Each structure stands twice: as C-alpha cells, then as structure tokens.
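Engineer: My structure is below; once you've seen it, I'll send some questions.
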Amino acid sequence: MKKVYKCLPAIIFVIFIMTMMVLFLVLPKKEYSSSEKRYLQQAPEFTFSRLMSGDFGKDFEKFLSDQTAGRNFWVGLSAYYNYAIGNNGSNGIYLCKEGYLVNDPEDMSWLSRNIGFIEEFAEKSPVKPVVLIAPSTGYVCDNILPDVHKEYTDDAEFESMKGALTAADFVDIRELFKNTYDNGAQQLYYKTDHHWTARGAYTAYTALADQLGYKANPESDYEITEYPDFYGTTYSSSGFWNTAPDTIEVWDRHVYDEKNPITVTITDGADTIEQEGMFFYDHLKEDDKYPIYLDGNHPYTVIKNTAASSNEKLLVVKDSFAHSLVPFLADHYREIIMVDLRYYTASVSELIEKEKIDRVLVVYSIDNLATDTNLGWLQ
C-alpha cells in the first residue's frame, strides 16, 4: 500500500499526460481564439528540408501550444498563479485596482530616434506639423497601479520630446489628462485595452483646438451612446479572463444628412471600402469593438465632410489612437487624409504638396512611438 501511495503522483501525472494527448488527437482544431484575438497555429506542412532547417519543429511546437485542450484555462491559470505568488506583471501586463489591465512601461531607448525622424520631417515639410503624443495609461492613472511596479518615465520623455521638436508645434497634454482623470473622476483609458476612451479622445481634441485653428464643440453637442461587452487587446494578451468588460462609446453630433453626408474611403492595397458615416457598427458584434472607429488600421483613409466649418484639408500621420480622435476633428475640415506608416510607404512630403494639405497632425501614443520601426518612412 505504501508503494502505491509513493507512486501515486507519478501515476496521476502519466494519466494526465495521456488524457491531454488523447484530447489533442480527437478534439477539432480551432482556427481562431476570441479571447486572445488571434489566429491559432494549424498543423504545419512537413517537408524534409523544413525538418532539417528546424522550421517544422518550431511550427509544430506552436501548433501543440495553440491547440492544447483547455488552452484558455491553462493560460488563465498561469496568469493568476503568477499574480498570487507576487509576480504581477510577469507577462508584461499588470492586474490593477478597479479592474484595470495596464501594460508595463515600454523600453524608451528608441524614442529619441523616432522623435528625430519627426523633427527631420518637420524641418523639410511644406506645412509645419502639430505633434500630439498620448501619455501612457500607467502614468495618467497611477493611483490604480499595484504597489510594486516599474517606473513610468513619461515626464522625462515628454520634456525630452519638447526640447527636440523645434520645427513642429508640440502639444503637451500631460497636465490636462492628469487633471481630467483626477483619480478616476473621468475614465480616459479603457480598462481592458491600451487606447484612450472616446472621452480621452475628446479631451485631446479640445487640447488641439488652438494649434489646429478650430473652436472645439462643447460636450453638450454630442449624443453619447454606450455599447457594453468590449474586451480590448490588453485583455486578450493578459490571461486575466475574469476581468469585467469595458463599455465603448460613440459621440455623435448628428449634423450630417442626405444633402451633406460625411463619407469615408479606405484604400488598402487593391481594395477600396466606401461608406457614409465614420462609425463602422458591424464591429460591435466582435469582442474587440475598437474598430468601430474608422474600421481600424489601414494604410490610407480619406474622410470628406461638405458641411465642415472650414474648407481646409488636414493630413493625420498616426497610429490607432487617432481612430477615435478623427471623428471629432472631422467637423472642422472639408477633407482629412489619414496615413499609417506601418502600411503606407510613399513620401508624406510629396503627398502634402500633391493634395494641397493645409494642416498636418502627427498622433501617436508614447508606447507606440517608442517601439515603432516604420517612422523612417516619414519623409
């Protein structure tokens, strides 16, 4: 009997391994994980050359990991186990107070290089650009961070950016965001996503008014519609599956009609998407609802508004933080062109001259600006 008890852990382990193996073989393979918001690795193609190069082994290892039975359970178990033993943030995301999931600070070593690209562009640009950088969630909402966390260096980085950008107008929104957030009085960032909320985007919109030459619309002009059950990209990378979802908002002034429609034209390679209205409501059927704003990431997007308060054309060089900001800006420009340097590789300076651009806005989050490898295309 003692021998049986002594061997029991090994017996349980063997049974567990055999059970997982059988489940792996018999269960259908999933193509997409809605929790992680990504396509899962499928069975890799076997060839002798791929076997010898090691590519087959690497892909098969990913296949085993992605198709493990109960994958969501194991990912969540790992995340909460690390949290329980004091390794909060070990996967790059902190489980914070009030249900926030916050990315830990990015490595800022490339930030000065990318600011240099923007400054070089500003020096040569036929139109002086306005630069707005969104501070990190952990910096603005520092009261919700765990007791032990890495330092968010936004203050030092913003001061450095202000000093380096001499040929552009730099809009520093740190104090405005800190005061507006005021320990949670206003939710400026999502709890399950790294983007700012519609209110955060509106706050940035008011800060840009003087530099971009418009009078910001008061909040009372907008009808705010809430849509629940939004799980963002931070949630999908965290493994903290018990986190409550966000609510995403649409702020709409309803000033457009059949005679004065606002149109969006998206060019993505050979494909073109056209629609009236800036909100793509089909994305509300998905867990990640953020693409409701201008359909998400595309190389080249044009928004035309014949009822705008000016006849000016605005060029926005951006990351995805601009998607919820541009619907506010659209009230003030006859045409807005958005380019995403991750996919758009033509000369931005030539585009300014070709399209007779009146104003230029560069919008990035500090985290994306510190890690983006495509700003060298900004010329």
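Convention: chains lettered A, B, ... in structure tokens order; per-chain residue numbering from 1; ligands numbered from 1 as shown.
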So that I can check the surroundings of Asp288 of chain A, please list as a PyMOL selection string every protein, DNA and RNA residue that reaches within 10 Å of it, counting only C-alpha atoms and ignoring chain neighbours fewer than 3 positions away.

Structural biologist: chain A and resi 34-35+37+192-193+229-233+235-236+248+283-285+291-292

Engineer: Residues within 10 Å of Val316 of chain A, please, as a ChimeraX atom specification. Count only C-alpha atoms; anything in the same chain fewer than 5 positions from it doesn't count.

Structural biologist: /A:129-131,301,322,326,336-340,359-363

Engineer: Please, what distance in Å, to one decimal, runs between atom CA of Asp172 of chain A and atom CA of Leu132 of chain A?

Structural biologist: 6.9 Å

Engineer: Using only C-alpha atoms, pick whichever of A:Met52, A:Val348, A:Ala122, A:Ile262 has the shortest atom-to-atom distance to Phe170 of chain A.

Structural biologist: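 The closest residue to Phe170 of chain A is A:Ala122.
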
Engineer: Quick check for you: according to DSSP on this backbone, which residues of segment 225-358 of chain A are classed as helix (DSSP H, G or I)? Reply as a PyMOL selection string.

Structural biologist: chain A and resi 233-238+281-285+290-292+322-332+348-354

Engineer: Going by DSSP on the backbone, which bits of segment 52-287 of chain A are strand (DSSP E)? Write them as an mmCIF file with all heavy atoms, in the first residue's frame, please.

Structural biologist:
data_model
loop_
_atom_site.group_PDB
_atom_site.id
_atom_site.type_symbol
_atom_site.label_atom_id
_atom_site.label_comp_id
_atom_site.auth_asym_id
_atom_site.auth_seq_id
_atom_site.Cartn_x
_atom_site.Cartn_y
_atom_site.Cartn_z
ATOM 1 N N ILE A 93 1.791 42.712 -18.341
ATOM 2 C CA ILE A 93 0.533 43.399 -18.069
ATOM 3 C C ILE A 93 0.214 43.294 -16.585
ATOM 4 O O ILE A 93 0.216 42.200 -16.010
ATOM 5 C CB ILE A 93 -0.620 42.802 -18.897
ATOM 6 C CG1 ILE A 93 -0.357 43.002 -20.391
ATOM 7 C CG2 ILE A 93 -1.960 43.426 -18.512
ATOM 8 C CD1 ILE A 93 -1.317 42.276 -21.286
ATOM 9 N N TYR A 94 -0.046 44.436 -15.963
ATOM 10 C CA TYR A 94 -0.395 44.469 -14.544
ATOM 11 C C TYR A 94 -1.907 44.302 -14.366
ATOM 12 O O TYR A 94 -2.697 44.940 -15.071
ATOM 13 C CB TYR A 94 0.005 45.800 -13.915
ATOM 14 C CG TYR A 94 1.485 46.069 -13.865
ATOM 15 C CD1 TYR A 94 2.029 47.174 -14.508
ATOM 16 C CD2 TYR A 94 2.344 45.232 -13.154
ATOM 17 C CE1 TYR A 94 3.390 47.439 -14.465
ATOM 18 C CE2 TYR A 94 3.707 45.486 -13.094
ATOM 19 C CZ TYR A 94 4.224 46.589 -13.759
ATOM 20 O OH TYR A 94 5.564 46.845 -13.700
ATOM 21 N N LEU A 95 -2.301 43.466 -13.417
ATOM 22 C CA LEU A 95 -3.680 43.427 -12.949
ATOM 23 C C LEU A 95 -3.782 44.483 -11.859
ATOM 24 O O LEU A 95 -3.173 44.352 -10.792
ATOM 25 C CB LEU A 95 -4.037 42.042 -12.410
ATOM 26 C CG LEU A 95 -5.439 41.895 -11.810
ATOM 27 C CD1 LEU A 95 -6.521 42.233 -12.825
ATOM 28 C CD2 LEU A 95 -5.636 40.467 -11.279
ATOM 29 N N LEU A 101 -6.408 46.642 -16.570
ATOM 30 C CA LEU A 101 -5.263 45.877 -17.040
ATOM 31 C C LEU A 101 -4.347 46.865 -17.752
ATOM 32 O O LEU A 101 -4.745 47.465 -18.752
ATOM 33 C CB LEU A 101 -5.694 44.761 -17.997
ATOM 34 C CG LEU A 101 -6.666 43.722 -17.421
ATOM 35 C CD1 LEU A 101 -7.109 42.759 -18.520
ATOM 36 C CD2 LEU A 101 -6.029 42.963 -16.268
ATOM 37 N N VAL A 102 -3.130 47.031 -17.254
ATOM 38 C CA VAL A 102 -2.252 48.090 -17.743
ATOM 39 C C VAL A 102 -0.921 47.498 -18.192
ATOM 40 O O VAL A 102 -0.295 46.724 -17.445
ATOM 41 C CB VAL A 102 -2.002 49.155 -16.646
ATOM 42 C CG1 VAL A 102 -1.030 50.225 -17.138
ATOM 43 C CG2 VAL A 102 -3.324 49.796 -16.231
ATOM 44 N N ASN A 103 -0.488 47.860 -19.387
ATOM 45 C CA ASN A 103 0.815 47.425 -19.878
ATOM 46 C C ASN A 103 1.927 48.018 -19.018
ATOM 47 O O ASN A 103 1.851 49.189 -18.631
ATOM 48 C CB ASN A 103 1.020 47.873 -21.322
ATOM 49 C CG ASN A 103 0.117 47.128 -22.284
ATOM 50 O OD1 ASN A 103 0.104 45.905 -22.317
ATOM 51 N ND2 ASN A 103 -0.628 47.863 -23.078
ATOM 52 N N PRO A 129 4.066 70.831 -38.970
ATOM 53 C CA PRO A 129 3.182 69.864 -38.315
ATOM 54 C C PRO A 129 2.927 70.180 -36.848
ATOM 55 O O PRO A 129 3.738 70.824 -36.182
ATOM 56 C CB PRO A 129 3.939 68.542 -38.462
ATOM 57 C CG PRO A 129 5.364 68.935 -38.551
ATOM 58 C CD PRO A 129 5.412 70.288 -39.195
ATOM 59 N N VAL A 130 1.780 69.709 -36.371
ATOM 60 C CA VAL A 130 1.441 69.707 -34.954
ATOM 61 C C VAL A 130 1.624 68.274 -34.456
ATOM 62 O O VAL A 130 1.166 67.323 -35.110
ATOM 63 C CB VAL A 130 -0.006 70.182 -34.718
ATOM 64 C CG1 VAL A 130 -0.393 70.043 -33.255
ATOM 65 C CG2 VAL A 130 -0.176 71.616 -35.195
ATOM 66 N N VAL A 131 2.293 68.099 -33.328
ATOM 67 C CA VAL A 131 2.590 66.769 -32.795
ATOM 68 C C VAL A 131 1.891 66.600 -31.458
ATOM 69 O O VAL A 131 2.048 67.426 -30.550
ATOM 70 C CB VAL A 131 4.106 66.559 -32.629
ATOM 71 C CG1 VAL A 131 4.390 65.184 -32.027
ATOM 72 C CG2 VAL A 131 4.826 66.724 -33.969
ATOM 73 N N LEU A 132 1.102 65.538 -31.341
ATOM 74 C CA LEU A 132 0.440 65.203 -30.082
ATOM 75 C C LEU A 132 0.775 63.764 -29.721
ATOM 76 O O LEU A 132 0.557 62.851 -30.527
ATOM 77 C CB LEU A 132 -1.075 65.381 -30.190
ATOM 78 C CG LEU A 132 -1.855 65.121 -28.888
ATOM 79 C CD1 LEU A 132 -2.987 66.110 -28.726
ATOM 80 C CD2 LEU A 132 -2.411 63.692 -28.866
ATOM 81 N N ILE A 133 1.324 63.562 -28.538
ATOM 82 C CA ILE A 133 1.691 62.237 -28.048
ATOM 83 C C ILE A 133 0.838 61.909 -26.829
ATOM 84 O O ILE A 133 0.788 62.684 -25.873
ATOM 85 C CB ILE A 133 3.185 62.170 -27.671
ATOM 86 C CG1 ILE A 133 4.057 62.654 -28.837
ATOM 87 C CG2 ILE A 133 3.559 60.759 -27.252
ATOM 88 C CD1 ILE A 133 3.895 61.878 -30.121
ATOM 89 N N ALA A 134 0.154 60.776 -26.884
ATOM 90 C CA ALA A 134 -0.682 60.354 -25.756
ATOM 91 C C ALA A 134 0.190 59.742 -24.670
ATOM 92 O O ALA A 134 0.966 58.814 -24.946
ATOM 93 C CB ALA A 134 -1.716 59.336 -26.216
ATOM 94 N N ASP A 169 5.016 72.127 -33.787
ATOM 95 C CA ASP A 169 4.273 72.580 -32.606
ATOM 96 C C ASP A 169 3.930 71.352 -31.768
ATOM 97 O O ASP A 169 3.159 70.486 -32.207
ATOM 98 C CB ASP A 169 2.993 73.315 -33.012
ATOM 99 C CG ASP A 169 3.268 74.681 -33.621
ATOM 100 O OD1 ASP A 169 4.279 75.293 -33.241
ATOM 101 O OD2 ASP A 169 2.485 75.119 -34.483
ATOM 102 N N PHE A 170 4.514 71.276 -30.585
ATOM 103 C CA PHE A 170 4.294 70.124 -29.713
ATOM 104 C C PHE A 170 3.187 70.439 -28.713
ATOM 105 O O PHE A 170 3.262 71.439 -27.985
ATOM 106 C CB PHE A 170 5.583 69.766 -28.977
ATOM 107 C CG PHE A 170 5.483 68.517 -28.144
ATOM 108 C CD1 PHE A 170 5.553 67.260 -28.723
ATOM 109 C CD2 PHE A 170 5.305 68.592 -26.764
ATOM 110 C CE1 PHE A 170 5.466 66.110 -27.954
ATOM 111 C CE2 PHE A 170 5.214 67.452 -25.986
ATOM 112 C CZ PHE A 170 5.296 66.203 -26.587
ATOM 113 N N VAL A 171 2.160 69.607 -28.672
ATOM 114 C CA VAL A 171 1.030 69.789 -27.758
ATOM 115 C C VAL A 171 1.208 68.834 -26.581
ATOM 116 O O VAL A 171 1.082 67.614 -26.736
ATOM 117 C CB VAL A 171 -0.315 69.542 -28.467
ATOM 118 C CG1 VAL A 171 -1.474 69.765 -27.493
ATOM 119 C CG2 VAL A 171 -0.463 70.450 -29.678
ATOM 120 N N GLU A 223 -24.506 63.459 -28.717
ATOM 121 C CA GLU A 223 -25.321 62.378 -28.159
ATOM 122 C C GLU A 223 -24.391 61.193 -27.937
ATOM 123 O O GLU A 223 -23.733 60.720 -28.873
ATOM 124 C CB GLU A 223 -26.443 61.982 -29.106
ATOM 125 C CG GLU A 223 -27.295 60.837 -28.587
ATOM 126 C CD GLU A 223 -28.383 60.424 -29.564
ATOM 127 O OE1 GLU A 223 -28.848 61.273 -30.337
ATOM 128 O OE2 GLU A 223 -28.750 59.233 -29.554
ATOM 129 N N ILE A 224 -24.309 60.734 -26.705
ATOM 130 C CA ILE A 224 -23.372 59.670 -26.348
ATOM 131 C C ILE A 224 -24.139 58.357 -26.209
ATOM 132 O O ILE A 224 -25.064 58.242 -25.396
ATOM 133 C CB ILE A 224 -22.633 60.004 -25.040
ATOM 134 C CG1 ILE A 224 -21.871 61.326 -25.186
ATOM 135 C CG2 ILE A 224 -21.682 58.873 -24.671
ATOM 136 C CD1 ILE A 224 -21.210 61.793 -23.903
ATOM 137 N N THR A 225 -23.750 57.380 -27.020
ATOM 138 C CA THR A 225 -24.380 56.061 -26.984
ATOM 139 C C THR A 225 -23.369 55.047 -26.485
ATOM 140 O O THR A 225 -22.236 54.993 -26.984
ATOM 141 C CB THR A 225 -24.876 55.644 -28.381
ATOM 142 O OG1 THR A 225 -25.723 56.668 -28.915
ATOM 143 C CG2 THR A 225 -25.650 54.341 -28.305
ATOM 144 N N GLU A 226 -23.751 54.261 -25.502
ATOM 145 C CA GLU A 226 -22.856 53.286 -24.896
ATOM 146 C C GLU A 226 -23.141 51.890 -25.444
ATOM 147 O O GLU A 226 -24.288 51.503 -25.655
ATOM 148 C CB GLU A 226 -23.025 53.276 -23.375
ATOM 149 C CG GLU A 226 -22.654 54.589 -22.698
ATOM 150 C CD GLU A 226 -22.814 54.524 -21.192
ATOM 151 O OE1 GLU A 226 -23.441 53.546 -20.711
ATOM 152 O OE2 GLU A 226 -22.296 55.412 -20.497
ATOM 153 N N TYR A 227 -22.048 51.135 -25.648
ATOM 154 C CA TYR A 227 -22.149 49.753 -26.106
ATOM 155 C C TYR A 227 -21.314 48.882 -25.160
ATOM 156 O O TYR A 227 -20.104 49.083 -25.035
ATOM 157 C CB TYR A 227 -21.650 49.619 -27.547
ATOM 158 C CG TYR A 227 -22.471 50.430 -28.521
ATOM 159 C CD1 TYR A 227 -22.070 51.706 -28.904
ATOM 160 C CD2 TYR A 227 -23.661 49.931 -29.046
ATOM 161 C CE1 TYR A 227 -22.818 52.461 -29.791
ATOM 162 C CE2 TYR A 227 -24.418 50.671 -29.945
ATOM 163 C CZ TYR A 227 -23.996 51.941 -30.305
ATOM 164 O OH TYR A 227 -24.749 52.690 -31.175
ATOM 165 N N PRO A 228 -21.931 47.931 -24.469
ATOM 166 C CA PRO A 228 -21.218 47.134 -23.455
ATOM 167 C C PRO A 228 -20.409 45.987 -24.071
ATOM 168 O O PRO A 228 -20.400 45.783 -25.291
ATOM 169 C CB PRO A 228 -22.371 46.600 -22.598
ATOM 170 C CG PRO A 228 -23.515 46.472 -23.568
ATOM 171 C CD PRO A 228 -23.365 47.602 -24.541
ATOM 172 N N ASP A 229 -19.738 45.245 -23.197
ATOM 173 C CA ASP A 229 -19.058 43.996 -23.538
ATOM 174 C C ASP A 229 -17.906 44.191 -24.519
ATOM 175 O O ASP A 229 -17.748 43.440 -25.485
ATOM 176 C CB ASP A 229 -20.053 42.969 -24.099
ATOM 177 C CG ASP A 229 -21.137 42.634 -23.118
ATOM 178 O OD1 ASP A 229 -20.851 42.585 -21.909
ATOM 179 O OD2 ASP A 229 -22.299 42.434 -23.539
ATOM 180 N N PHE A 230 -17.103 45.210 -24.266
ATOM 181 C CA PHE A 230 -15.915 45.457 -25.071
ATOM 182 C C PHE A 230 -14.694 44.882 -24.344
ATOM 183 O O PHE A 230 -14.373 45.268 -23.227
ATOM 184 C CB PHE A 230 -15.753 46.970 -25.293
ATOM 185 C CG PHE A 230 -14.398 47.389 -25.827
ATOM 186 C CD1 PHE A 230 -13.727 46.635 -26.779
ATOM 187 C CD2 PHE A 230 -13.790 48.560 -25.382
ATOM 188 C CE1 PHE A 230 -12.492 47.023 -27.265
ATOM 189 C CE2 PHE A 230 -12.563 48.978 -25.862
ATOM 190 C CZ PHE A 230 -11.908 48.190 -26.811
ATOM 191 N N ASP A 246 -15.260 46.334 -20.787
ATOM 192 C CA ASP A 246 -15.442 47.776 -20.878
ATOM 193 C C ASP A 246 -16.749 48.104 -21.573
ATOM 194 O O ASP A 246 -17.409 47.238 -22.164
ATOM 195 C CB ASP A 246 -14.305 48.403 -21.699
ATOM 196 C CG ASP A 246 -13.088 48.755 -20.860
ATOM 197 O OD1 ASP A 246 -13.251 49.526 -19.913
ATOM 198 O OD2 ASP A 246 -11.986 48.266 -21.172
ATOM 199 N N THR A 247 -17.086 49.388 -21.526
ATOM 200 C CA THR A 247 -18.156 49.956 -22.347
ATOM 201 C C THR A 247 -17.509 50.917 -23.339
ATOM 202 O O THR A 247 -16.692 51.750 -22.951
ATOM 203 C CB THR A 247 -19.178 50.712 -21.488
ATOM 204 O OG1 THR A 247 -19.839 49.771 -20.626
ATOM 205 C CG2 THR A 247 -20.219 51.399 -22.358
ATOM 206 N N ILE A 248 -17.831 50.774 -24.605
ATOM 207 C CA ILE A 248 -17.303 51.673 -25.627
ATOM 208 C C ILE A 248 -18.396 52.668 -26.012
ATOM 209 O O ILE A 248 -19.587 52.323 -26.000
ATOM 210 C CB ILE A 248 -16.801 50.886 -26.858
ATOM 211 C CG1 ILE A 248 -15.877 51.753 -27.725
ATOM 212 C CG2 ILE A 248 -17.939 50.306 -27.667
ATOM 213 C CD1 ILE A 248 -15.100 50.959 -28.759
ATOM 214 N N GLU A 249 -18.003 53.906 -26.298
ATOM 215 C CA GLU A 249 -18.978 54.967 -26.557
ATOM 216 C C GLU A 249 -18.810 55.549 -27.954
ATOM 217 O O GLU A 249 -17.704 55.639 -28.480
ATOM 218 C CB GLU A 249 -18.813 56.104 -25.541
ATOM 219 C CG GLU A 249 -19.124 55.702 -24.110
ATOM 220 C CD GLU A 249 -18.904 56.846 -23.130
ATOM 221 O OE1 GLU A 249 -18.263 57.863 -23.506
ATOM 222 O OE2 GLU A 249 -19.380 56.733 -21.991
ATOM 223 N N VAL A 250 -19.931 55.954 -28.522
ATOM 224 C CA VAL A 250 -19.955 56.731 -29.763
ATOM 225 C C VAL A 250 -20.505 58.111 -29.438
ATOM 226 O O VAL A 250 -21.605 58.238 -28.900
ATOM 227 C CB VAL A 250 -20.823 56.051 -30.846
ATOM 228 C CG1 VAL A 250 -21.061 56.992 -32.015
ATOM 229 C CG2 VAL A 250 -20.164 54.760 -31.321
ATOM 230 N N TRP A 251 -19.710 59.142 -29.722
ATOM 231 C CA TRP A 251 -20.133 60.536 -29.551
ATOM 232 C C TRP A 251 -20.510 61.071 -30.924
ATOM 233 O O TRP A 251 -19.661 61.185 -31.805
ATOM 234 C CB TRP A 251 -19.005 61.373 -28.957
ATOM 235 C CG TRP A 251 -18.622 61.031 -27.549
ATOM 236 C CD1 TRP A 251 -18.562 59.784 -26.982
ATOM 237 C CD2 TRP A 251 -18.226 61.957 -26.529
ATOM 238 N NE1 TRP A 251 -18.158 59.877 -25.673
ATOM 239 C CE2 TRP A 251 -17.937 61.191 -25.365
ATOM 240 C CE3 TRP A 251 -18.082 63.337 -26.481
ATOM 241 C CZ2 TRP A 251 -17.517 61.771 -24.179
ATOM 242 C CZ3 TRP A 251 -17.649 63.911 -25.296
ATOM 243 C CH2 TRP A 251 -17.387 63.142 -24.153
ATOM 244 N N ASP A 252 -21.766 61.410 -31.109
ATOM 245 C CA ASP A 252 -22.256 61.805 -32.440
ATOM 246 C C ASP A 252 -23.040 63.108 -32.332
ATOM 247 O O ASP A 252 -23.903 63.253 -31.463
ATOM 248 C CB ASP A 252 -23.155 60.702 -33.004
ATOM 249 C CG ASP A 252 -23.315 60.791 -34.519
ATOM 250 O OD1 ASP A 252 -23.109 61.889 -35.076
ATOM 251 O OD2 ASP A 252 -23.628 59.763 -35.134
ATOM 252 N N ILE A 262 -21.221 62.721 -44.613
ATOM 253 C CA ILE A 262 -19.789 62.579 -44.406
ATOM 254 C C ILE A 262 -19.395 61.203 -44.928
ATOM 255 O O ILE A 262 -20.057 60.206 -44.635
ATOM 256 C CB ILE A 262 -19.405 62.751 -42.924
ATOM 257 C CG1 ILE A 262 -17.891 62.814 -42.764
ATOM 258 C CG2 ILE A 262 -20.000 61.673 -42.040
ATOM 259 C CD1 ILE A 262 -17.435 63.307 -41.409
ATOM 260 N N THR A 263 -18.364 61.143 -45.757
ATOM 261 C CA THR A 263 -18.001 59.886 -46.415
ATOM 262 C C THR A 263 -16.600 59.460 -45.996
ATOM 263 O O THR A 263 -15.715 60.288 -45.767
ATOM 264 C CB THR A 263 -18.051 60.019 -47.944
ATOM 265 O OG1 THR A 263 -17.124 61.026 -48.370
ATOM 266 C CG2 THR A 263 -19.454 60.384 -48.401
ATOM 267 N N VAL A 264 -16.425 58.162 -45.910
ATOM 268 C CA VAL A 264 -15.134 57.571 -45.574
ATOM 269 C C VAL A 264 -14.736 56.635 -46.710
ATOM 270 O O VAL A 264 -15.510 55.751 -47.093
ATOM 271 C CB VAL A 264 -15.197 56.791 -44.250
ATOM 272 C CG1 VAL A 264 -13.854 56.103 -43.973
ATOM 273 C CG2 VAL A 264 -15.571 57.708 -43.098
ATOM 274 N N THR A 265 -13.534 56.833 -47.240
ATOM 275 C CA THR A 265 -12.995 55.968 -48.292
ATOM 276 C C THR A 265 -11.674 55.395 -47.800
ATOM 277 O O THR A 265 -10.738 56.138 -47.481
ATOM 278 C CB THR A 265 -12.769 56.734 -49.598
ATOM 279 O OG1 THR A 265 -13.989 57.337 -50.012
ATOM 280 C CG2 THR A 265 -12.280 55.795 -50.695
ATOM 281 N N ILE A 266 -11.608 54.079 -47.722
ATOM 282 C CA ILE A 266 -10.429 53.382 -47.218
ATOM 283 C C ILE A 266 -9.763 52.645 -48.369
ATOM 284 O O ILE A 266 -10.412 51.864 -49.075
ATOM 285 C CB ILE A 266 -10.811 52.390 -46.107
ATOM 286 C CG1 ILE A 266 -11.399 53.132 -44.903
ATOM 287 C CG2 ILE A 266 -9.605 51.563 -45.680
ATOM 288 C CD1 ILE A 266 -12.023 52.224 -43.872
ATOM 289 N N THR A 267 -8.480 52.898 -48.567
ATOM 290 C CA THR A 267 -7.706 52.205 -49.592
ATOM 291 C C THR A 267 -6.700 51.302 -48.905
ATOM 292 O O THR A 267 -5.854 51.756 -48.132
ATOM 293 C CB THR A 267 -6.978 53.204 -50.508
ATOM 294 O OG1 THR A 267 -7.925 54.096 -51.092
ATOM 295 C CG2 THR A 267 -6.219 52.474 -51.604
ATOM 296 N N ASP A 268 -6.787 50.029 -49.203
ATOM 297 C CA ASP A 268 -5.913 49.032 -48.584
ATOM 298 C C ASP A 268 -5.444 48.090 -49.689
ATOM 299 O O ASP A 268 -6.119 47.125 -50.025
ATOM 300 C CB ASP A 268 -6.666 48.264 -47.496
ATOM 301 C CG ASP A 268 -5.719 47.602 -46.512
ATOM 302 O OD1 ASP A 268 -4.558 47.354 -46.894
ATOM 303 O OD2 ASP A 268 -6.126 47.343 -45.365
ATOM 304 N N ASP A 271 -7.851 46.941 -52.593
ATOM 305 C CA ASP A 271 -9.225 47.003 -52.078
ATOM 306 C C ASP A 271 -9.590 48.428 -51.670
ATOM 307 O O ASP A 271 -8.778 49.169 -51.117
ATOM 308 C CB ASP A 271 -9.383 46.085 -50.863
ATOM 309 C CG ASP A 271 -9.134 44.631 -51.206
ATOM 310 O OD1 ASP A 271 -9.452 44.240 -52.343
ATOM 311 O OD2 ASP A 271 -8.606 43.903 -50.349
ATOM 312 N N THR A 272 -10.837 48.788 -51.928
ATOM 313 C CA THR A 272 -11.369 50.090 -51.539
ATOM 314 C C THR A 272 -12.694 49.893 -50.823
ATOM 315 O O THR A 272 -13.568 49.160 -51.298
ATOM 316 C CB THR A 272 -11.575 51.010 -52.749
ATOM 317 O OG1 THR A 272 -10.324 51.216 -53.405
ATOM 318 C CG2 THR A 272 -12.125 52.362 -52.325
ATOM 319 N N ILE A 273 -12.839 50.541 -49.675
ATOM 320 C CA ILE A 273 -14.083 50.494 -48.895
ATOM 321 C C ILE A 273 -14.640 51.900 -48.835
ATOM 322 O O ILE A 273 -13.923 52.848 -48.521
ATOM 323 C CB ILE A 273 -13.828 49.979 -47.468
ATOM 324 C CG1 ILE A 273 -13.209 48.587 -47.488
ATOM 325 C CG2 ILE A 273 -15.119 49.980 -46.647
ATOM 326 C CD1 ILE A 273 -12.735 48.109 -46.118
ATOM 327 N N GLU A 274 -15.921 52.062 -49.127
ATOM 328 C CA GLU A 274 -16.572 53.368 -49.047
ATOM 329 C C GLU A 274 -17.846 53.230 -48.230
ATOM 330 O O GLU A 274 -18.587 52.253 -48.369
ATOM 331 C CB GLU A 274 -16.896 53.910 -50.437
ATOM 332 C CG GLU A 274 -15.678 54.221 -51.290
ATOM 333 C CD GLU A 274 -16.063 54.846 -52.627
ATOM 334 O OE1 GLU A 274 -17.277 55.046 -52.865
ATOM 335 O OE2 GLU A 274 -15.154 55.135 -53.436
ATOM 336 N N GLN A 275 -18.098 54.208 -47.386
ATOM 337 C CA GLN A 275 -19.364 54.231 -46.660
ATOM 338 C C GLN A 275 -19.657 55.661 -46.201
ATOM 339 O O GLN A 275 -18.760 56.509 -46.143
ATOM 340 C CB GLN A 275 -19.359 53.290 -45.465
ATOM 341 C CG GLN A 275 -18.702 53.818 -44.208
ATOM 342 C CD GLN A 275 -19.192 53.090 -42.947
ATOM 343 O OE1 GLN A 275 -19.445 51.892 -42.949
ATOM 344 N NE2 GLN A 275 -19.317 53.818 -41.856
ATOM 345 N N GLU A 276 -20.912 55.915 -45.900
ATOM 346 C CA GLU A 276 -21.306 57.180 -45.295
ATOM 347 C C GLU A 276 -21.297 57.013 -43.781
ATOM 348 O O GLU A 276 -21.857 56.060 -43.251
ATOM 349 C CB GLU A 276 -22.694 57.605 -45.779
ATOM 350 C CG GLU A 276 -22.750 57.979 -47.250
ATOM 351 C CD GLU A 276 -24.109 58.525 -47.654
ATOM 352 O OE1 GLU A 276 -24.989 58.648 -46.777
ATOM 353 O OE2 GLU A 276 -24.308 58.826 -48.857
#

Engineer: Here is a test: counting only C-alpha atoms, which residue of A:Arg113, A:His298, A:Lys97, A:Arg174 is nearest to Asn143 of chain A?

Structural biologist: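 Of all the options, A:Lys97 lies closest to Asn143 of chain A.
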
Engineer: In Å, rounded to a single decimal, give me how far atom CA of Ser309 of chain A is from atom CA of Arg334 of chain A.

Structural biologist: 7.7 Å

Engineer: For Gly184 of chain A, which of A:Val255, A:Cys141, A:Ile366, A:Val317 is the closest residue, counting only C-alpha atoms?

Structural biologist: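 Counting only C-alpha atoms, the residue closest to Gly184 of chain A is A:Cys141.
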
Engineer: Taking into account only C-alpha atoms, which residue in the set A:Val127, A:Ala167, A:Ile173, A:Ala216 is nearest to Ile357 of chain A?

Structural biologist: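 Under the stated criterion, the closest residue is A:Val127.
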